[in-house]
Amino acid sequence: MRIEIWSDVVCPWCYVGKRRLETALAGFEHADEVEVVYRSFELDPSAPRHGHELSTPVIARKYGRSEAEMRQMQQQLIDLAAEEGLAFKLFETVHTNTVDAHRVLHLALDTGGAALQRELKEALLAAYFLDARNVGDHDVLTEVAVAAGLDETRVREVLAGTEYADAVEADIAQARAYGATGVPFFVVDQKYGVSGAQPAGVFSQVLEQAWTASHPVLQTVGGDAEACGPDGCSI
């Protein structure tokens, strides 16, 4: 089974949704046969590449709210994230572009497979939301990527150019084709879509449904009757 997740590394609900999916997978009997791959999605492609302004006033302006109102809403999310074991520092995060982070995530997938990409995804989310680091900064990206297991020379080569930019755009185009208007957006076996940071129970239900659909159980009818076995026939 393959789960593809469209998300952004500066999306708080993406981190919450990630934890909820992981909770569902922890209780899923066939979790060791599930591959999770991350796909790119940019919440704000117009954000500055090396932004320094705090996110709270930017989001407040975007949605026409006061900073006090926005901080209150963010506090509610901080409290909710804490229930998932995440200590968000939303009041300290900066508004920054994430295309370079997505390009490095594609590098991780290309060079180390889904396992390395997942390692880097967690590290980037933690760097931004738990440590309030600027994941648009190339030095930060390089440090986090190398700590996750990527080769420093390759990371710097990618960040210095436009490598994997086409892969990022392809991911975004696929999200639009699926009808995704926001993230996180989960696609299981290219057949089942889950929008948003749904409760773990919803993910558990989708996992079971997708597994059953791809591994149908043969229904036998008529009960037992005379037959020959692997050692031949008794008569």
# chains A, B, ... in the order shown; residues from 1 in each chain; ligands from 1
$ residues_around --residues "Tyr15 in chain A" --least-positions-apart "3" --cutoff "9 Å" --atoms "only C-alpha atoms" --output "list in words"
Ser7, Asp8, Val9, Val10, Cys11, Pro12, Lys18, Arg19, Arg20, Ala81, Leu86, Glu122, Leu125, Ala126, Phe129, Pro184 and Ala197 of chain A
$ write_last_selection --atoms "N, CA and C atoms" --output "PDB file, in the first residue's frame"
ATOM      1  N   SER A   7       1.787  18.196   1.252  1.00  0.00           N
ATOM      2  CA  SER A   7       1.864  19.055   2.429  1.00  0.00           C
ATOM      3  C   SER A   7       2.961  20.091   2.243  1.00  0.00           C
ATOM      4  N   ASP A   8       3.000  21.040   3.181  1.00  0.00           N
ATOM      5  CA  ASP A   8       4.051  22.049   3.171  1.00  0.00           C
ATOM      6  C   ASP A   8       4.743  22.016   4.529  1.00  0.00           C
ATOM      7  N   VAL A   9       6.017  22.379   4.555  1.00  0.00           N
ATOM      8  CA  VAL A   9       6.779  22.298   5.799  1.00  0.00           C
ATOM      9  C   VAL A   9       6.486  23.459   6.738  1.00  0.00           C
ATOM     10  N   VAL A  10       5.656  24.418   6.307  1.00  0.00           N
ATOM     11  CA  VAL A  10       5.242  25.519   7.187  1.00  0.00           C
ATOM     12  C   VAL A  10       3.736  25.463   7.447  1.00  0.00           C
ATOM     13  N   CYS A  11       3.150  24.298   7.234  1.00  0.00           N
ATOM     14  CA  CYS A  11       1.712  24.095   7.446  1.00  0.00           C
ATOM     15  C   CYS A  11       1.494  23.378   8.776  1.00  0.00           C
ATOM     16  N   PRO A  12       0.955  24.056   9.794  1.00  0.00           N
ATOM     17  CA  PRO A  12       0.784  23.408  11.098  1.00  0.00           C
ATOM     18  C   PRO A  12      -0.157  22.218  11.066  1.00  0.00           C
ATOM     19  N   LYS A  18       0.104  14.562  10.150  1.00  0.00           N
ATOM     20  CA  LYS A  18       1.171  13.558  10.103  1.00  0.00           C
ATOM     21  C   LYS A  18       1.160  12.710  11.368  1.00  0.00           C
ATOM     22  N   ARG A  19       1.065  13.361  12.507  1.00  0.00           N
ATOM     23  CA  ARG A  19       1.031  12.634  13.776  1.00  0.00           C
ATOM     24  C   ARG A  19      -0.206  11.733  13.864  1.00  0.00           C
ATOM     25  N   ARG A  20      -1.336  12.210  13.415  1.00  0.00           N
ATOM     26  CA  ARG A  20      -2.561  11.415  13.486  1.00  0.00           C
ATOM     27  C   ARG A  20      -2.484  10.199  12.569  1.00  0.00           C
ATOM     28  N   ALA A  81      -2.265  20.972  19.114  1.00  0.00           N
ATOM     29  CA  ALA A  81      -1.046  20.259  18.729  1.00  0.00           C
ATOM     30  C   ALA A  81      -0.408  19.577  19.931  1.00  0.00           C
ATOM     31  N   LEU A  86       3.060  17.670  20.293  1.00  0.00           N
ATOM     32  CA  LEU A  86       3.839  18.660  19.554  1.00  0.00           C
ATOM     33  C   LEU A  86       3.810  19.998  20.284  1.00  0.00           C
ATOM     34  N   GLU A 122      10.184  15.033   8.703  1.00  0.00           N
ATOM     35  CA  GLU A 122      10.002  15.213  10.150  1.00  0.00           C
ATOM     36  C   GLU A 122      10.977  16.252  10.683  1.00  0.00           C
ATOM     37  N   LEU A 125       9.853  19.823   9.620  1.00  0.00           N
ATOM     38  CA  LEU A 125       8.686  20.254  10.384  1.00  0.00           C
ATOM     39  C   LEU A 125       9.077  20.601  11.818  1.00  0.00           C
ATOM     40  N   ALA A 126       9.920  19.772  12.414  1.00  0.00           N
ATOM     41  CA  ALA A 126      10.367  20.027  13.775  1.00  0.00           C
ATOM     42  C   ALA A 126      11.196  21.307  13.842  1.00  0.00           C
ATOM     43  N   PHE A 129       8.454  24.283  13.385  1.00  0.00           N
ATOM     44  CA  PHE A 129       7.392  24.446  14.379  1.00  0.00           C
ATOM     45  C   PHE A 129       7.857  24.268  15.819  1.00  0.00           C
ATOM     46  N   PRO A 184      -3.082  19.375   4.762  1.00  0.00           N
ATOM     47  CA  PRO A 184      -2.596  18.143   4.139  1.00  0.00           C
ATOM     48  C   PRO A 184      -3.664  17.448   3.298  1.00  0.00           C
ATOM     49  N   ALA A 197      -6.419  17.376   8.351  1.00  0.00           N
ATOM     50  CA  ALA A 197      -5.857  16.623   9.477  1.00  0.00           C
ATOM     51  C   ALA A 197      -6.979  15.886  10.197  1.00  0.00           C
TER      52      ALA A 197
END
$ residues_around --residues "Arg103 in chain A" --least-positions-apart "4" --cutoff "12 Å" --atoms "only C-alpha atoms" --output "JSON, numbers by chain"
{"A": [8, 9, 38, 39, 40, 41, 42, 97, 98, 99, 107, 108, 109, 110, 117, 120, 121, 136, 138, 141, 142, 145, 154, 155, 156, 157, 158, 159, 160, 161, 162, 163, 164, 165, 166, 167, 168, 169, 170, 171]}
$ write_last_selection --atoms "N, CA and C atoms" --output "CSV table (one decimal), in the first residue's frame"
chain,number,residue,atom,x,y,z
A,8,ASP,N,3.0,21.0,3.2
A,8,ASP,CA,4.1,22.0,3.2
A,8,ASP,C,4.7,22.0,4.5
A,9,VAL,N,6.0,22.4,4.6
A,9,VAL,CA,6.8,22.3,5.8
A,9,VAL,C,6.5,23.5,6.7
A,38,TYR,N,6.1,11.8,0.4
A,38,TYR,CA,5.6,13.1,0.6
A,38,TYR,C,5.7,13.9,-0.8
A,39,ARG,N,4.7,14.6,-1.1
A,39,ARG,CA,4.6,15.4,-2.3
A,39,ARG,C,4.6,16.9,-1.9
A,40,SER,N,5.0,17.7,-2.9
A,40,SER,CA,5.2,19.1,-2.6
A,40,SER,C,3.9,19.9,-2.8
A,41,PHE,N,3.7,20.9,-1.9
A,41,PHE,CA,2.6,21.9,-2.0
A,41,PHE,C,3.1,23.2,-1.3
A,42,GLU,N,3.0,24.3,-2.0
A,42,GLU,CA,3.4,25.6,-1.5
A,42,GLU,C,2.2,26.4,-1.0
A,97,ASN,N,9.5,31.4,2.1
A,97,ASN,CA,9.3,30.6,1.0
A,97,ASN,C,9.8,29.1,1.2
A,98,THR,N,9.1,28.2,0.7
A,98,THR,CA,9.4,26.8,1.0
A,98,THR,C,9.8,26.0,-0.3
A,99,VAL,N,9.9,26.6,-1.4
A,99,VAL,CA,10.3,25.8,-2.6
A,99,VAL,C,11.6,25.1,-2.5
A,107,LEU,N,15.2,15.6,-3.4
A,107,LEU,CA,16.6,15.0,-3.5
A,107,LEU,C,16.7,13.8,-2.5
A,108,ALA,N,16.1,14.0,-1.3
A,108,ALA,CA,16.1,12.9,-0.4
A,108,ALA,C,15.4,11.7,-0.9
A,109,LEU,N,14.2,11.9,-1.6
A,109,LEU,CA,13.5,10.8,-2.2
A,109,LEU,C,14.3,10.1,-3.3
A,110,ASP,N,14.9,10.9,-4.1
A,110,ASP,CA,15.7,10.4,-5.2
A,110,ASP,C,16.9,9.6,-4.8
A,117,GLN,N,13.4,10.4,2.9
A,117,GLN,CA,12.5,11.5,2.7
A,117,GLN,C,11.7,11.8,4.0
A,120,LEU,N,13.7,13.4,6.7
A,120,LEU,CA,13.9,14.8,6.4
A,120,LEU,C,12.7,15.6,6.6
A,121,LYS,N,11.5,15.1,6.2
A,121,LYS,CA,10.3,15.8,6.4
A,121,LYS,C,10.0,16.0,7.9
A,136,GLY,N,13.6,28.4,5.2
A,136,GLY,CA,13.9,29.0,3.8
A,136,GLY,C,15.3,29.4,3.7
A,138,HIS,N,19.2,28.8,3.4
A,138,HIS,CA,20.0,27.7,2.9
A,138,HIS,C,20.9,27.0,3.9
A,141,LEU,N,18.6,24.8,6.0
A,141,LEU,CA,18.2,23.7,5.2
A,141,LEU,C,19.4,22.7,5.1
A,142,THR,N,20.5,23.1,4.8
A,142,THR,CA,21.7,22.3,4.7
A,142,THR,C,22.0,21.5,6.0
A,145,ALA,N,19.2,18.9,6.6
A,145,ALA,CA,19.3,17.9,5.6
A,145,ALA,C,20.5,16.9,5.9
A,154,ARG,N,25.8,17.4,-2.2
A,154,ARG,CA,24.6,17.4,-3.1
A,154,ARG,C,23.6,18.4,-2.7
A,155,VAL,N,23.4,18.5,-1.4
A,155,VAL,CA,22.4,19.5,-0.9
A,155,VAL,C,22.8,20.9,-1.3
A,156,ARG,N,24.0,21.2,-1.2
A,156,ARG,CA,24.4,22.6,-1.6
A,156,ARG,C,24.4,22.8,-3.1
A,157,GLU,N,24.6,21.7,-3.9
A,157,GLU,CA,24.5,21.8,-5.3
A,157,GLU,C,23.0,22.0,-5.7
A,158,VAL,N,22.1,21.3,-5.1
A,158,VAL,CA,20.7,21.5,-5.4
A,158,VAL,C,20.3,22.9,-5.0
A,159,LEU,N,20.6,23.4,-3.8
A,159,LEU,CA,20.2,24.7,-3.4
A,159,LEU,C,20.8,25.8,-4.2
A,160,ALA,N,22.0,25.6,-4.8
A,160,ALA,CA,22.6,26.6,-5.6
A,160,ALA,C,22.0,26.8,-7.0
A,161,GLY,N,21.1,25.8,-7.4
A,161,GLY,CA,20.5,25.9,-8.7
A,161,GLY,C,19.0,25.8,-8.7
A,162,THR,N,18.5,25.1,-9.7
A,162,THR,CA,17.0,24.9,-9.8
A,162,THR,C,16.6,23.5,-9.9
A,163,GLU,N,17.6,22.6,-9.6
A,163,GLU,CA,17.3,21.1,-9.6
A,163,GLU,C,16.1,20.8,-8.8
A,164,TYR,N,15.3,19.9,-9.4
A,164,TYR,CA,14.0,19.4,-8.8
A,164,TYR,C,12.9,20.4,-8.8
A,165,ALA,N,13.1,21.6,-9.3
A,165,ALA,CA,12.0,22.5,-9.4
A,165,ALA,C,10.9,22.0,-10.2
A,166,ASP,N,11.2,21.3,-11.3
A,166,ASP,CA,10.2,20.7,-12.1
A,166,ASP,C,9.4,19.6,-11.4
A,167,ALA,N,10.0,18.9,-10.5
A,167,ALA,CA,9.3,17.9,-9.7
A,167,ALA,C,8.4,18.5,-8.7
A,168,VAL,N,8.8,19.6,-8.2
A,168,VAL,CA,7.9,20.4,-7.3
A,168,VAL,C,6.6,20.8,-8.0
A,169,GLU,N,6.8,21.4,-9.2
A,169,GLU,CA,5.7,21.9,-10.0
A,169,GLU,C,4.8,20.7,-10.4
A,170,ALA,N,5.4,19.6,-10.7
A,170,ALA,CA,4.6,18.4,-11.1
A,170,ALA,C,3.7,17.9,-9.9
A,171,ASP,N,4.3,18.0,-8.7
A,171,ASP,CA,3.5,17.6,-7.5
A,171,ASP,C,2.3,18.5,-7.4
$ residues_around --residues "Thr212 in chain A" --least-positions-apart "6" --cutoff "12 Å" --atoms "only C-alpha atoms" --output "NGL selection string"
:A and (1 or 30 or 189 or 205-206 or 218)
$ residues_around --residues "Ile3 in chain A" --least-positions-apart "2" --cutoff "8 Å" --atoms "only C-alpha atoms" --output "VMD selection string"
chain A and resid 1 5 34 to 37 186 to 189
$ select_by_dssp --residues "range 10-163 of chain A" --states "strand (DSSP E)" --output "number ranges by chain"
A: 35-40
$ select_by_dssp --residues "range 57-177 of chain A" --states "alpha helix (DSSP H)" --output "JSON, numbers by chain"
{"A": [57, 58, 59, 60, 61, 62, 67, 68, 69, 70, 71, 72, 73, 74, 75, 76, 77, 78, 79, 80, 81, 82, 83, 99, 100, 101, 102, 103, 104, 105, 106, 107, 108, 109, 110, 111, 112, 113, 114, 115, 116, 117, 118, 119, 120, 121, 122, 123, 124, 125, 138, 139, 140, 141, 142, 143, 144, 145, 146, 147, 148, 152, 153, 154, 155, 156, 157, 158, 159, 160, 165, 166, 167, 168, 169, 170, 171, 172, 173, 174, 175, 176, 177]}
$ decode --residues "range 2-14 of chain A" --atoms "N, CA, C and O atoms" --output "PDB file, in the first residue's frame"
ATOM      1  N   ARG A   2       0.500   2.241  -0.766  1.00  0.00           N
ATOM      2  CA  ARG A   2       1.276   3.485  -0.803  1.00  0.00           C
ATOM      3  C   ARG A   2       0.391   4.660  -0.419  1.00  0.00           C
ATOM      4  O   ARG A   2      -0.721   4.806  -0.926  1.00  0.00           O
ATOM      5  N   ILE A   3       0.905   5.488   0.468  1.00  0.00           N
ATOM      6  CA  ILE A   3       0.218   6.710   0.871  1.00  0.00           C
ATOM      7  C   ILE A   3       1.058   7.888   0.401  1.00  0.00           C
ATOM      8  O   ILE A   3       2.231   8.020   0.767  1.00  0.00           O
ATOM      9  N   GLU A   4       0.462   8.750  -0.411  1.00  0.00           N
ATOM     10  CA  GLU A   4       1.123   9.972  -0.856  1.00  0.00           C
ATOM     11  C   GLU A   4       0.494  11.139  -0.094  1.00  0.00           C
ATOM     12  O   GLU A   4      -0.725  11.244  -0.005  1.00  0.00           O
ATOM     13  N   ILE A   5       1.355  12.000   0.443  1.00  0.00           N
ATOM     14  CA  ILE A   5       0.878  13.105   1.264  1.00  0.00           C
ATOM     15  C   ILE A   5       1.350  14.428   0.676  1.00  0.00           C
ATOM     16  O   ILE A   5       2.553  14.698   0.612  1.00  0.00           O
ATOM     17  N   TRP A   6       0.393  15.235   0.256  1.00  0.00           N
ATOM     18  CA  TRP A   6       0.710  16.588  -0.194  1.00  0.00           C
ATOM     19  C   TRP A   6       0.691  17.492   1.027  1.00  0.00           C
ATOM     20  O   TRP A   6      -0.299  17.542   1.768  1.00  0.00           O
ATOM     21  N   SER A   7       1.787  18.196   1.252  1.00  0.00           N
ATOM     22  CA  SER A   7       1.864  19.055   2.429  1.00  0.00           C
ATOM     23  C   SER A   7       2.961  20.091   2.243  1.00  0.00           C
ATOM     24  O   SER A   7       3.740  20.033   1.294  1.00  0.00           O
ATOM     25  N   ASP A   8       3.000  21.040   3.181  1.00  0.00           N
ATOM     26  CA  ASP A   8       4.051  22.049   3.171  1.00  0.00           C
ATOM     27  C   ASP A   8       4.743  22.016   4.529  1.00  0.00           C
ATOM     28  O   ASP A   8       4.123  21.692   5.547  1.00  0.00           O
ATOM     29  N   VAL A   9       6.017  22.379   4.555  1.00  0.00           N
ATOM     30  CA  VAL A   9       6.779  22.298   5.799  1.00  0.00           C
ATOM     31  C   VAL A   9       6.486  23.459   6.738  1.00  0.00           C
ATOM     32  O   VAL A   9       6.998  23.493   7.862  1.00  0.00           O
ATOM     33  N   VAL A  10       5.656  24.418   6.307  1.00  0.00           N
ATOM     34  CA  VAL A  10       5.242  25.519   7.187  1.00  0.00           C
ATOM     35  C   VAL A  10       3.736  25.463   7.447  1.00  0.00           C
ATOM     36  O   VAL A  10       3.138  26.456   7.837  1.00  0.00           O
ATOM     37  N   CYS A  11       3.150  24.298   7.234  1.00  0.00           N
ATOM     38  CA  CYS A  11       1.712  24.095   7.446  1.00  0.00           C
ATOM     39  C   CYS A  11       1.494  23.378   8.776  1.00  0.00           C
ATOM     40  O   CYS A  11       1.829  22.195   8.893  1.00  0.00           O
ATOM     41  N   PRO A  12       0.955  24.056   9.794  1.00  0.00           N
ATOM     42  CA  PRO A  12       0.784  23.408  11.098  1.00  0.00           C
ATOM     43  C   PRO A  12      -0.157  22.218  11.066  1.00  0.00           C
ATOM     44  O   PRO A  12       0.081  21.206  11.740  1.00  0.00           O
ATOM     45  N   TRP A  13      -1.218  22.304  10.256  1.00  0.00           N
ATOM     46  CA  TRP A  13      -2.156  21.183  10.181  1.00  0.00           C
ATOM     47  C   TRP A  13      -1.514  19.971   9.514  1.00  0.00           C
ATOM     48  O   TRP A  13      -1.901  18.832   9.770  1.00  0.00           O
ATOM     49  N   CYS A  14      -0.515  20.217   8.665  1.00  0.00           N
ATOM     50  CA  CYS A  14       0.208  19.100   8.042  1.00  0.00           C
ATOM     51  C   CYS A  14       0.976  18.299   9.092  1.00  0.00           C
ATOM     52  O   CYS A  14       1.057  17.074   9.012  1.00  0.00           O
TER      53      CYS A  14
END
